[in-house]
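Structure data (compact mmCIF, C-alpha atoms) from data_25.txt:
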# COMPACT_ATOMS: atom_id res chain seq x y z
CA MET S 1 102.22 -35.03 2.92
CA LYS S 2 98.65 -33.76 2.81
CA THR S 3 97.27 -30.30 2.31
CA ARG S 4 93.98 -28.50 2.72
CA SER S 5 93.81 -25.84 0.08
CA ALA S 6 91.64 -23.17 -1.47
CA CYS S 7 93.17 -23.82 -4.92
CA PRO S 8 90.39 -24.56 -7.47
CA ASN S 9 91.95 -27.81 -8.66
CA PHE S 10 93.28 -28.93 -5.30
CA PRO S 11 91.32 -31.70 -3.56
CA SER S 12 90.25 -31.51 0.06
CA ILE S 13 91.78 -34.40 2.07
CA LEU S 14 90.44 -35.32 5.47
CA THR S 15 92.64 -35.77 8.48
CA GLU S 16 93.63 -39.34 9.34
CA PRO S 17 93.21 -40.76 12.86
CA ARG S 18 95.93 -39.56 15.21
CA PRO S 19 98.86 -41.88 15.93
CA THR S 20 99.55 -43.11 19.44
CA SER S 21 103.28 -43.87 19.27
CA VAL S 22 105.23 -43.55 22.52
CA VAL S 23 107.42 -40.48 22.04
CA GLY S 24 109.09 -38.31 24.66
CA LEU S 25 108.11 -34.69 25.08
CA LEU S 26 110.08 -32.60 22.60
CA LEU S 27 109.98 -29.56 20.40
CA LEU S 28 110.15 -30.60 16.78
CA PRO S 29 112.11 -28.43 14.33
CA ALA S 30 110.13 -26.59 11.71
CA LEU S 31 109.46 -28.79 8.70
CA PRO S 32 110.11 -27.41 5.23
CA PHE S 33 107.19 -26.12 3.23
CA LEU S 34 106.79 -28.09 0.00
CA PRO S 35 104.53 -26.48 -2.61
CA SER S 36 101.68 -28.70 -3.71
CA CYS S 37 99.98 -26.79 -6.53
CA GLU S 38 100.19 -23.76 -8.75
CA TYR S 39 98.72 -21.21 -6.41
CA GLY S 40 97.85 -18.43 -8.80
CA ASP S 41 95.50 -15.93 -7.18
CA ALA S 42 94.22 -18.48 -4.69
CA GLY S 43 97.38 -18.43 -2.60
CA PRO S 44 99.18 -21.34 -0.90
CA PRO S 45 97.32 -24.20 0.78
CA LEU S 46 95.71 -23.44 4.11
CA VAL S 47 97.28 -26.39 5.88
CA ILE S 48 100.11 -28.83 5.23
CA GLN S 49 99.77 -32.09 7.16
CA ARG S 50 102.37 -34.82 7.50
CA ASP S 51 103.62 -37.44 9.91
CA SER S 52 107.05 -37.53 11.52
CA ALA S 53 108.04 -40.59 13.57
CA GLY S 54 104.37 -41.35 14.13
CA ILE S 55 103.51 -37.80 15.23
CA GLU S 56 100.95 -35.79 13.28
CA ILE S 57 102.37 -32.42 12.16
CA VAL S 58 99.85 -29.76 11.13
CA GLU S 59 101.29 -26.56 9.68
CA ALA S 60 98.84 -23.72 9.06
CA MET S 61 100.21 -21.56 6.27
CA ARG S 62 97.68 -18.71 6.19
CA PRO S 63 94.39 -17.69 7.85
CA LEU S 64 91.19 -18.99 6.28
CA TRP S 65 89.47 -15.65 6.99
CA GLY S 66 92.23 -13.58 5.40
CA ASP S 67 92.55 -10.10 6.87
CA SER S 68 88.99 -10.00 8.22
CA SER S 69 87.29 -11.92 11.03
CA LEU S 70 84.23 -14.04 10.32
CA TRP S 71 83.51 -14.44 14.03
CA SER S 72 82.48 -11.44 16.09
CA ILE S 73 81.78 -10.45 19.69
CA ASP S 74 78.76 -8.25 20.48
CA PRO S 75 79.87 -5.69 23.11
CA ASP S 76 76.32 -5.37 24.47
CA PRO S 77 76.19 -7.99 27.24
CA VAL S 78 73.70 -10.80 27.40
CA VAL S 79 74.30 -10.81 31.16
CA ASP S 80 76.14 -8.30 33.36
CA LEU S 81 76.52 -9.61 36.91
CA THR S 82 77.21 -6.14 38.28
CA LEU S 83 73.86 -4.91 36.95
CA SER S 84 71.73 -8.07 37.28
CA GLY S 85 71.14 -7.51 40.99
CA THR S 86 72.09 -5.37 43.96
CA GLY S 87 74.07 -5.77 47.13
CA PRO S 88 77.55 -7.13 47.94
CA ALA S 89 77.06 -10.26 45.82
CA HIS S 90 76.99 -8.05 42.71
CA GLU S 91 80.04 -6.00 43.66
CA PHE S 92 83.39 -7.26 42.38
CA HIS S 93 87.06 -6.49 42.82
CA ARG S 94 89.83 -8.57 41.24
CA ALA S 95 87.20 -10.86 39.70
CA HIS S 96 88.50 -13.67 37.50
CA SER S 97 87.94 -17.25 36.29
CA MET S 98 84.38 -16.62 35.16
CA SER S 99 82.95 -19.75 33.51
CA GLN S 100 79.70 -21.59 32.83
CA ARG S 101 78.70 -24.80 34.61
CA THR S 102 77.04 -27.77 32.94
CA ASP S 103 73.54 -26.55 33.92
CA GLY S 104 74.14 -23.10 32.42
CA SER S 105 74.78 -21.32 35.71
CA LEU S 106 77.74 -18.97 36.00
CA MET S 107 80.54 -19.05 38.53
CA ILE S 108 83.23 -16.51 39.25
CA ALA S 109 86.03 -15.96 41.74
CA ASP S 110 86.23 -12.62 43.52
CA GLY S 111 89.82 -12.12 44.60
CA SER S 112 89.13 -9.31 47.05
CA SER S 113 86.44 -11.03 49.14
CA ARG S 114 88.00 -14.46 48.42
CA GLU S 115 84.57 -15.81 47.55
CA VAL S 116 83.39 -18.19 44.86
CA ARG S 117 80.01 -16.88 43.70
CA VAL S 118 77.44 -18.69 41.58
CA PHE S 119 74.68 -17.05 39.53
CA SER S 120 71.88 -18.32 37.34
CA ALA S 121 72.20 -18.03 33.56
CA ASN S 122 70.19 -14.79 33.88
CA GLY S 123 72.47 -13.32 36.54
CA GLU S 124 70.45 -14.09 39.68
CA PHE S 125 72.67 -14.68 42.70
CA LEU S 126 72.38 -18.32 43.84
CA GLY S 127 75.00 -18.64 46.55
CA SER S 128 78.67 -18.49 47.46
CA PHE S 129 81.33 -19.98 49.67
CA GLY S 130 84.75 -18.93 50.85
CA GLY S 131 85.96 -15.81 52.59
CA SER S 132 89.27 -14.84 54.09
CA GLY S 133 90.81 -17.31 56.53
CA ASP S 134 92.52 -20.64 57.03
CA GLY S 135 89.47 -22.71 57.91
CA PRO S 136 87.78 -25.31 55.70
CA GLY S 137 86.40 -23.61 52.60
CA GLU S 138 88.26 -20.34 53.33
CA PHE S 139 91.16 -18.81 51.43
CA ARG S 140 94.21 -16.70 52.14
CA SER S 141 94.24 -16.12 48.41
CA LEU S 142 91.83 -17.27 45.73
CA ARG S 143 93.79 -17.87 42.57
CA ARG S 144 91.57 -19.86 40.21
CA ILE S 145 88.35 -21.86 39.98
CA GLU S 146 87.69 -24.77 37.64
CA SER S 147 84.72 -27.01 36.84
CA ALA S 148 85.29 -30.75 37.09
CA GLY S 149 81.96 -32.00 35.79
CA ASP S 150 79.46 -31.14 38.53
CA THR S 151 82.29 -30.57 40.99
CA LEU S 152 83.87 -27.18 41.61
CA LEU S 153 87.60 -26.78 42.31
CA ALA S 154 88.92 -23.62 43.95
CA LEU S 155 92.66 -23.01 44.10
CA GLY S 156 94.16 -21.07 46.97
CA ARG S 157 97.82 -20.80 47.90
CA GLY S 158 98.95 -24.36 48.61
CA ARG S 159 95.44 -25.79 48.87
CA VAL S 160 92.58 -26.93 46.64
CA THR S 161 88.98 -26.81 47.90
CA VAL S 162 86.55 -29.27 46.32
CA ALA S 163 82.85 -28.32 46.46
CA ALA S 164 79.71 -30.07 45.28
CA HIS S 165 77.32 -28.55 42.76
CA ASP S 166 75.25 -27.06 45.61
CA LEU S 167 78.48 -25.46 47.00
CA THR S 168 78.73 -27.75 50.03
CA LEU S 169 82.31 -28.51 50.98
CA VAL S 170 83.50 -31.97 49.94
CA ARG S 171 87.19 -31.88 50.89
CA THR S 172 90.39 -29.90 50.76
CA PHE S 173 93.86 -31.13 49.87
CA GLU S 174 97.35 -29.67 49.87
CA ILE S 175 99.08 -28.76 46.61
CA ASP S 176 102.35 -27.18 45.51
CA PRO S 177 102.15 -23.60 46.86
CA TRP S 178 103.39 -22.22 43.53
CA THR S 179 100.45 -23.66 41.57
CA ILE S 180 98.89 -20.87 39.51
CA ASP S 181 96.13 -22.78 37.68
CA LEU S 182 94.25 -26.07 37.48
CA HIS S 183 93.19 -27.86 34.28
CA TYR S 184 90.54 -30.59 34.44
CA LEU S 185 91.18 -33.41 31.97
CA GLY S 186 88.07 -35.49 32.61
CA GLY S 187 87.89 -38.83 34.35
CA GLY S 188 88.71 -37.23 37.70
CA TRP S 189 92.21 -36.12 36.61
CA ILE S 190 93.70 -32.66 37.17
CA LEU S 191 96.82 -31.05 35.72
CA PRO S 192 98.19 -28.32 38.02
CA GLU S 193 100.16 -25.53 36.34
CA VAL S 194 103.15 -24.55 38.47
CA SER S 195 105.35 -21.45 38.23
CA ARG S 196 108.05 -21.30 40.90
CA PRO S 197 110.08 -18.18 41.64
CA VAL S 198 113.86 -18.24 41.67
CA LEU S 199 114.94 -17.78 45.30
CA PRO S 200 118.32 -16.74 46.79
CA ARG S 201 118.94 -20.24 48.11
CA ASP S 202 118.80 -21.63 44.56
CA GLY S 203 122.29 -20.22 43.89
CA LEU S 204 121.46 -19.12 40.34
CA ALA S 205 122.56 -15.94 38.57
CA GLY S 206 122.00 -14.24 35.23
CA PRO S 207 119.37 -15.36 32.72
CA VAL S 208 117.43 -18.36 34.06
CA ARG S 209 114.69 -20.50 32.57
CA ARG S 210 114.04 -23.39 34.89
CA PRO S 211 111.84 -26.32 33.80
CA GLU S 212 108.54 -26.88 35.60
CA PRO S 213 107.09 -30.36 36.22
CA LEU S 214 103.84 -31.61 34.72
CA VAL S 215 102.18 -33.95 37.24
CA LEU S 216 98.67 -35.42 37.15
CA LEU S 217 96.52 -35.57 40.31
CA ASP S 218 93.12 -37.04 41.07
CA LEU S 219 90.27 -35.16 42.74
CA GLU S 220 91.57 -36.16 46.17
CA GLY S 221 94.99 -34.66 45.47
CA THR S 222 96.74 -38.02 45.05
CA ARG S 223 99.57 -38.02 42.55
CA ILE S 224 98.78 -40.20 39.53
CA ASP S 225 101.80 -39.80 37.28
CA SER S 226 104.40 -37.42 35.88
CA VAL S 227 103.90 -36.55 32.22
CA GLY S 228 107.09 -34.55 31.67
CA GLU S 229 108.03 -30.92 32.14
CA MET S 230 107.75 -27.58 30.42
CA PRO S 231 110.13 -24.61 30.13
CA GLY S 232 109.48 -22.11 32.89
CA ALA S 233 109.43 -18.32 32.67
CA GLU S 234 112.49 -16.37 31.55
CA VAL S 235 113.83 -14.41 34.53
CA TYR S 236 117.02 -12.55 35.36
CA VAL S 237 118.73 -13.10 38.72
CA LEU S 238 120.95 -10.20 39.75
CA VAL S 239 123.93 -11.08 41.95
CA ARG S 240 126.53 -8.50 42.93
CA ASP S 241 129.73 -9.25 44.82
CA GLY S 242 128.44 -12.75 45.48
CA SER S 243 125.21 -11.53 47.10
CA TYR S 244 121.71 -11.97 45.75
CA VAL S 245 120.10 -8.63 44.84
CA GLY S 246 116.80 -9.64 43.27
CA THR S 247 114.96 -11.27 40.40
CA ALA S 248 113.04 -9.68 37.53
CA PRO S 249 111.32 -11.07 34.43
CA HIS S 250 112.92 -10.53 31.05
CA PHE S 251 111.37 -7.75 29.03
CA PHE S 252 109.09 -9.57 26.58
CA GLY S 253 110.20 -12.79 28.27
CA LYS S 254 108.87 -16.18 27.21
CA ARG S 255 107.07 -18.79 29.31
CA SER S 256 105.00 -21.91 28.75
CA HIS S 257 101.23 -22.33 28.87
CA VAL S 258 99.01 -25.40 29.10
CA ALA S 259 95.35 -26.24 28.52
CA ALA S 260 93.08 -29.28 28.49
CA LEU S 261 91.91 -30.59 25.12
CA GLY S 262 89.45 -33.26 26.18
CA ARG S 263 91.57 -36.06 27.62
CA HIS S 264 94.72 -34.60 26.08
CA ILE S 265 97.10 -31.84 27.15
CA LEU S 266 98.03 -28.84 25.02
CA LEU S 267 101.44 -27.39 25.82
CA GLY S 268 103.06 -24.39 24.19
CA SER S 269 106.11 -22.30 24.91
CA SER S 270 105.59 -18.75 23.69
CA ASP S 271 108.93 -18.73 21.84
CA ARG S 272 106.93 -19.41 18.68
CA MET S 273 103.42 -20.05 17.43
CA GLN S 274 103.41 -23.76 18.16
CA LEU S 275 101.53 -26.18 20.39
CA GLU S 276 102.28 -29.79 21.32
CA GLU S 277 99.39 -32.15 22.07
CA MET S 278 100.14 -35.00 24.49
CA ASP S 279 98.15 -37.93 25.78
CA LEU S 280 97.88 -38.61 29.50
CA SER S 281 101.00 -40.77 29.43
CA GLY S 282 103.07 -37.83 28.19
CA ASN S 283 103.33 -39.13 24.62
CA LEU S 284 103.47 -36.47 21.95
CA VAL S 285 100.74 -37.19 19.37
CA ARG S 286 100.31 -33.94 17.42
CA VAL S 287 102.05 -30.64 16.73
CA LEU S 288 100.14 -27.54 15.62
CA ARG S 289 102.22 -24.68 14.27
CA ILE S 290 102.16 -21.55 12.17
CA PRO S 291 105.62 -21.41 10.56
CA ASP S 292 107.32 -18.02 10.44
CA TYR S 293 104.53 -16.28 12.34
CA PRO S 294 105.81 -12.68 12.73
CA LEU S 295 107.03 -11.89 16.24
CA ASP S 296 109.14 -8.86 15.37
CA LEU S 297 110.12 -6.62 18.25
CA SER S 298 111.63 -3.18 17.71
CA ALA S 299 114.12 -1.35 19.90
CA ALA S 300 111.47 1.36 20.42
CA GLN S 301 108.95 -1.19 21.76
CA ILE S 302 111.54 -2.59 24.17
CA ALA S 303 112.48 0.91 25.36
CA SER S 304 108.81 1.82 25.84
CA GLU S 305 108.19 -1.28 27.96
CA ARG S 306 111.33 -0.74 30.04
CA ASP S 307 110.44 2.91 30.69
CA PHE S 308 106.83 1.98 31.51
CA LEU S 309 107.87 -0.50 34.20
CA LEU S 310 110.78 1.47 35.64
CA ASP S 311 108.58 4.57 36.00
CA ARG S 312 106.50 2.57 38.47
CA LEU S 313 109.50 1.72 40.65
CA THR S 314 110.94 4.42 42.88
CA PRO S 315 114.74 4.74 43.00
CA GLY S 316 114.80 3.13 46.45
CA ASN S 317 112.62 0.17 45.49
CA PRO S 318 114.63 -3.08 45.88
CA LEU S 319 113.06 -4.39 42.65
CA ARG S 320 114.47 -1.54 40.57
CA ALA S 321 118.05 -2.83 40.32
CA PRO S 322 117.16 -6.27 38.85
CA PHE S 323 114.66 -4.63 36.48
CA GLU S 324 117.35 -2.22 35.27
CA ALA S 325 119.71 -5.14 34.65
CA ALA S 326 117.19 -7.54 33.10
CA PRO S 327 117.68 -8.29 29.39
CA ALA S 328 115.06 -8.06 26.66
CA SER S 329 114.10 -10.86 24.30
CA GLU S 330 114.83 -10.51 20.59
CA THR S 331 111.21 -11.34 19.72
CA ARG S 332 107.86 -10.83 21.41
CA PRO S 333 106.10 -13.84 22.97
CA ALA S 334 103.67 -15.52 20.59
CA PHE S 335 100.81 -15.86 23.10
CA THR S 336 99.98 -15.49 26.79
CA GLN S 337 97.06 -17.87 27.28
CA ILE S 338 95.48 -20.96 25.72
CA LEU S 339 91.73 -21.65 25.82
CA VAL S 340 89.77 -24.45 24.14
CA ASP S 341 86.09 -24.00 23.23
CA PRO S 342 83.40 -26.74 23.24
CA ALA S 343 83.90 -27.34 19.49
CA GLY S 344 87.59 -28.12 20.03
CA ALA S 345 88.84 -24.86 18.51
CA VAL S 346 92.00 -23.52 20.18
CA TRP S 347 92.16 -19.84 21.10
CA LEU S 348 95.54 -18.19 21.70
CA GLU S 349 95.64 -14.77 23.33
CA LEU S 350 98.20 -12.73 21.40
CA HIS S 351 100.80 -11.18 23.66
CA ARG S 352 100.46 -7.61 24.87
CA ALA S 353 103.20 -5.99 26.92
CA GLN S 354 102.24 -4.15 30.08
CA SER S 355 102.78 -0.88 28.22
CA GLU S 356 100.30 -2.11 25.57
CA GLU S 357 97.45 -3.15 27.85
CA ASP S 358 95.31 -0.22 26.76
CA GLN S 359 94.95 -2.10 23.46
CA SER S 360 92.13 -4.61 23.04
CA GLU S 361 92.69 -8.34 23.45
CA ASP S 362 93.22 -10.22 20.19
CA TRP S 363 92.80 -14.00 20.04
CA LEU S 364 94.19 -16.15 17.24
CA VAL S 365 91.90 -19.13 16.55
CA LEU S 366 92.87 -22.59 15.27
CA ASP S 367 90.06 -24.93 14.24
CA ALA S 368 89.95 -28.40 15.80
CA ASP S 369 91.82 -29.85 12.80
CA GLY S 370 94.59 -27.23 13.04
CA THR S 371 93.33 -24.85 10.34
CA TRP S 372 94.27 -21.26 11.14
CA LEU S 373 90.93 -19.45 11.02
CA GLY S 374 91.99 -15.91 11.86
CA THR S 375 91.84 -13.45 14.75
CA VAL S 376 88.93 -12.41 16.97
CA GLU S 377 89.11 -9.00 18.67
CA MET S 378 87.56 -8.50 22.09
CA PRO S 379 85.69 -5.28 22.94
CA ASP S 380 87.75 -2.52 24.53
CA ARG S 381 88.46 -3.00 28.25
CA PHE S 382 87.16 -6.58 28.20
CA SER S 383 89.25 -9.58 29.26
CA MET S 384 88.03 -13.05 28.31
CA SER S 385 88.35 -16.07 30.59
CA ALA S 386 86.08 -18.72 29.00
CA ILE S 387 84.26 -19.57 25.78
CA THR S 388 80.99 -21.41 25.11
CA ARG S 389 79.50 -22.24 21.72
CA GLU S 390 77.54 -18.99 21.61
CA ALA S 391 79.25 -16.66 24.06
CA VAL S 392 82.46 -15.49 25.66
CA LEU S 393 82.72 -14.84 29.40
CA GLY S 394 84.97 -12.38 31.14
CA VAL S 395 85.28 -9.03 32.88
CA TRP S 396 84.75 -5.54 31.46
CA TRP S 397 85.98 -2.38 33.20
CA ASP S 398 83.90 0.77 32.85
CA GLU S 399 85.28 4.32 32.71
CA LEU S 400 85.45 4.37 36.54
CA ASP S 401 87.30 1.02 36.56
CA VAL S 402 84.30 -0.72 38.11
CA GLU S 403 84.42 -4.42 37.25
CA HIS S 404 81.54 -5.97 35.30
CA PRO S 405 81.62 -9.75 34.85
CA GLN S 406 79.77 -10.26 31.58
CA VAL S 407 78.51 -12.78 29.08
CA LEU S 408 78.91 -11.50 25.50
CA ARG S 409 77.32 -13.06 22.42
CA LEU S 410 79.73 -14.84 20.04
CA THR S 411 78.63 -15.08 16.41
CA ARG S 412 80.34 -17.77 14.33
CA ASP S 413 79.56 -16.91 10.69

Would you give me this structure, written as structure tokens?
Amino acid sequence: MKTRSACPNFPSILTEPRPTSVVGLLLLPALPFLPSCEYGDAGPPLVIQRDSAGIEIVEAMRPLWGDSSLWSIDPDPVVDLTLSGTGPAHEFHRAHSMSQRTDGSLMIADGSSREVRVFSANGEFLGSFGGSGDGPGEFRSLRRIESAGDTLLALGRGRVTVAAHDLTLVRTFEIDPWTIDLHYLGGGWILPEVSRPVLPRDGLAGPVRRPEPLVLLDLEGTRIDSVGEMPGAEVYVLVRDGSYVGTAPHFFGKRSHVAALGRHILLGSSDRMQLEEMDLSGNLVRVLRIPDYPLDLSAAQIASERDFLLDRLTPGNPLRAPFEAAPASETRPAFTQILVDPAGAVWLELHRAQSEEDQSEDWLVLDADGTWLGTVEMPDRFSMSAITREAVLGVWWDELDVEHPQVLRLTRD
């Protein structure tokens, strides 16, 4: 067992190279914490590291930053695409997936116009493609965009559009219609993230958490390999007198999330603060966890969320009955999104219920070696979608709910 500690007499030990044993996808039980020094005022070690069956286990025991954050976000934007020009290209509705390309230019998906728009690093409009329709380069829905080197991938319902750096159409290919995101793993490999609904023909009832497949594709949509599966979202299927009534998510229900970490895959189910790192053959090589991370959920919080959602459903709404019957989890989900920055640090968006979305986004940050750094708070009414070394990218809503895609300065002290 190895530790990284702030104790005065405790040596700093570097991480060994990661093992590459062939191990099936699994969730490892929490390993016991073994004290390694007299902590005194310095507290326990930051990280305990050990191997189990050839898998590196990294347990972060406490945040390096303590109760404060040493990284900060400047709310005054470096670039605001709503204000950097005029005309329809600078008007946004349901904007998402804002990210930076390799040449510094910015791209964003506008869900309302179903356009992919590209801007210079200073916010000058450079061009777009898309629009509503079924033709080549058009979308019935525009769910996500992703950079694959100099290639741009745009995900619509059941179809991926591949565009060159200059936005010319390269190809389209069919994909599972329930794909909600794409993750580029380098080398021309893509990991689609799928979330299928439970349908009446499935014949299921009560609490359901169906596994979702993890399948690798190339940039032409050809299946490369299966790398396992992940637990799907917790939903409740209401059946009365043998007839399907409807499906609703659990209150504070759990689901899984994935992200690309270079040529590896990060997978985490939000049941706890834990991530599994797999290679492209589906072998588990590392586990990052924060043991006993508090996920307490009070009866008052559950009641508030239930009332918040039911107030938005009229008595005659067919969704109301399954929502009224849906159970609540005993704990809140640990996180709702995983992002990886260029330095290899892992950012986990801490869960907010729908009744809590007036609160600012908080992101828990793990360093590349698994050290728990602390938490970074986003400015009010700002939602982050990507991170660079010196900035975060996302959308801010003003007091009139006008959307402002922005680049905000990130200071790493």

Query raised in the report: If we count only C-alpha atoms, what is near Glu324 in chain S at a cut-off of 9 Å, once residues fewer than 5 positions away on the same chain are taken out, given as a PyMOL selection string?
Result: chain S and resi 248+306+310+319

Write out the residues from the selection above, keeping C-alpha atoms, as a CSV table (one decimal), in the coordinates of the input.
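The resulting out_2.csv:
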chain,number,residue,atom,x,y,z
S,248,ALA,CA,113.0,-9.7,37.5
S,306,ARG,CA,111.3,-0.7,30.0
S,310,LEU,CA,110.8,1.5,35.6
S,319,LEU,CA,113.1,-4.4,42.6

Query raised in the report: If we count all atoms listed in the file, what is near Phe125 in chain S at a cut-off of 10 Å, once residues fewer than 3 positions away on the same chain are taken out, given as a list in words?
Result: Leu81, Ser84, Gly85, Thr86, Ala89, His90, Ser105, Leu106, Met107, Arg117, Val118, Phe119, Ser120, Ala121, Asn122 and Ser128 of chain S

Query - Contacts of range 140-153 of chain S at 6 Å (all atoms listed in the file; same-chain gap of 2+ positions) as a PyMOL selection string - result: chain S and resi 97+111+114+132-133+155-157+161-165+181+184

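Of note, CA of Asp380 in chain S and CA of Asp398 in chain S are spaced 9.7 Å apart.
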
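Taking CA of Val287 in chain S and CA of Ser68 in chain S as the two end points, the separation is 25.9 Å.
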
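With all atoms listed in the file as the atoms that count, the residue of S:Leu261, S:Leu204, S:Ala109, S:Ile73 with the shortest distance to Met378 in chain S is S:Ile73.
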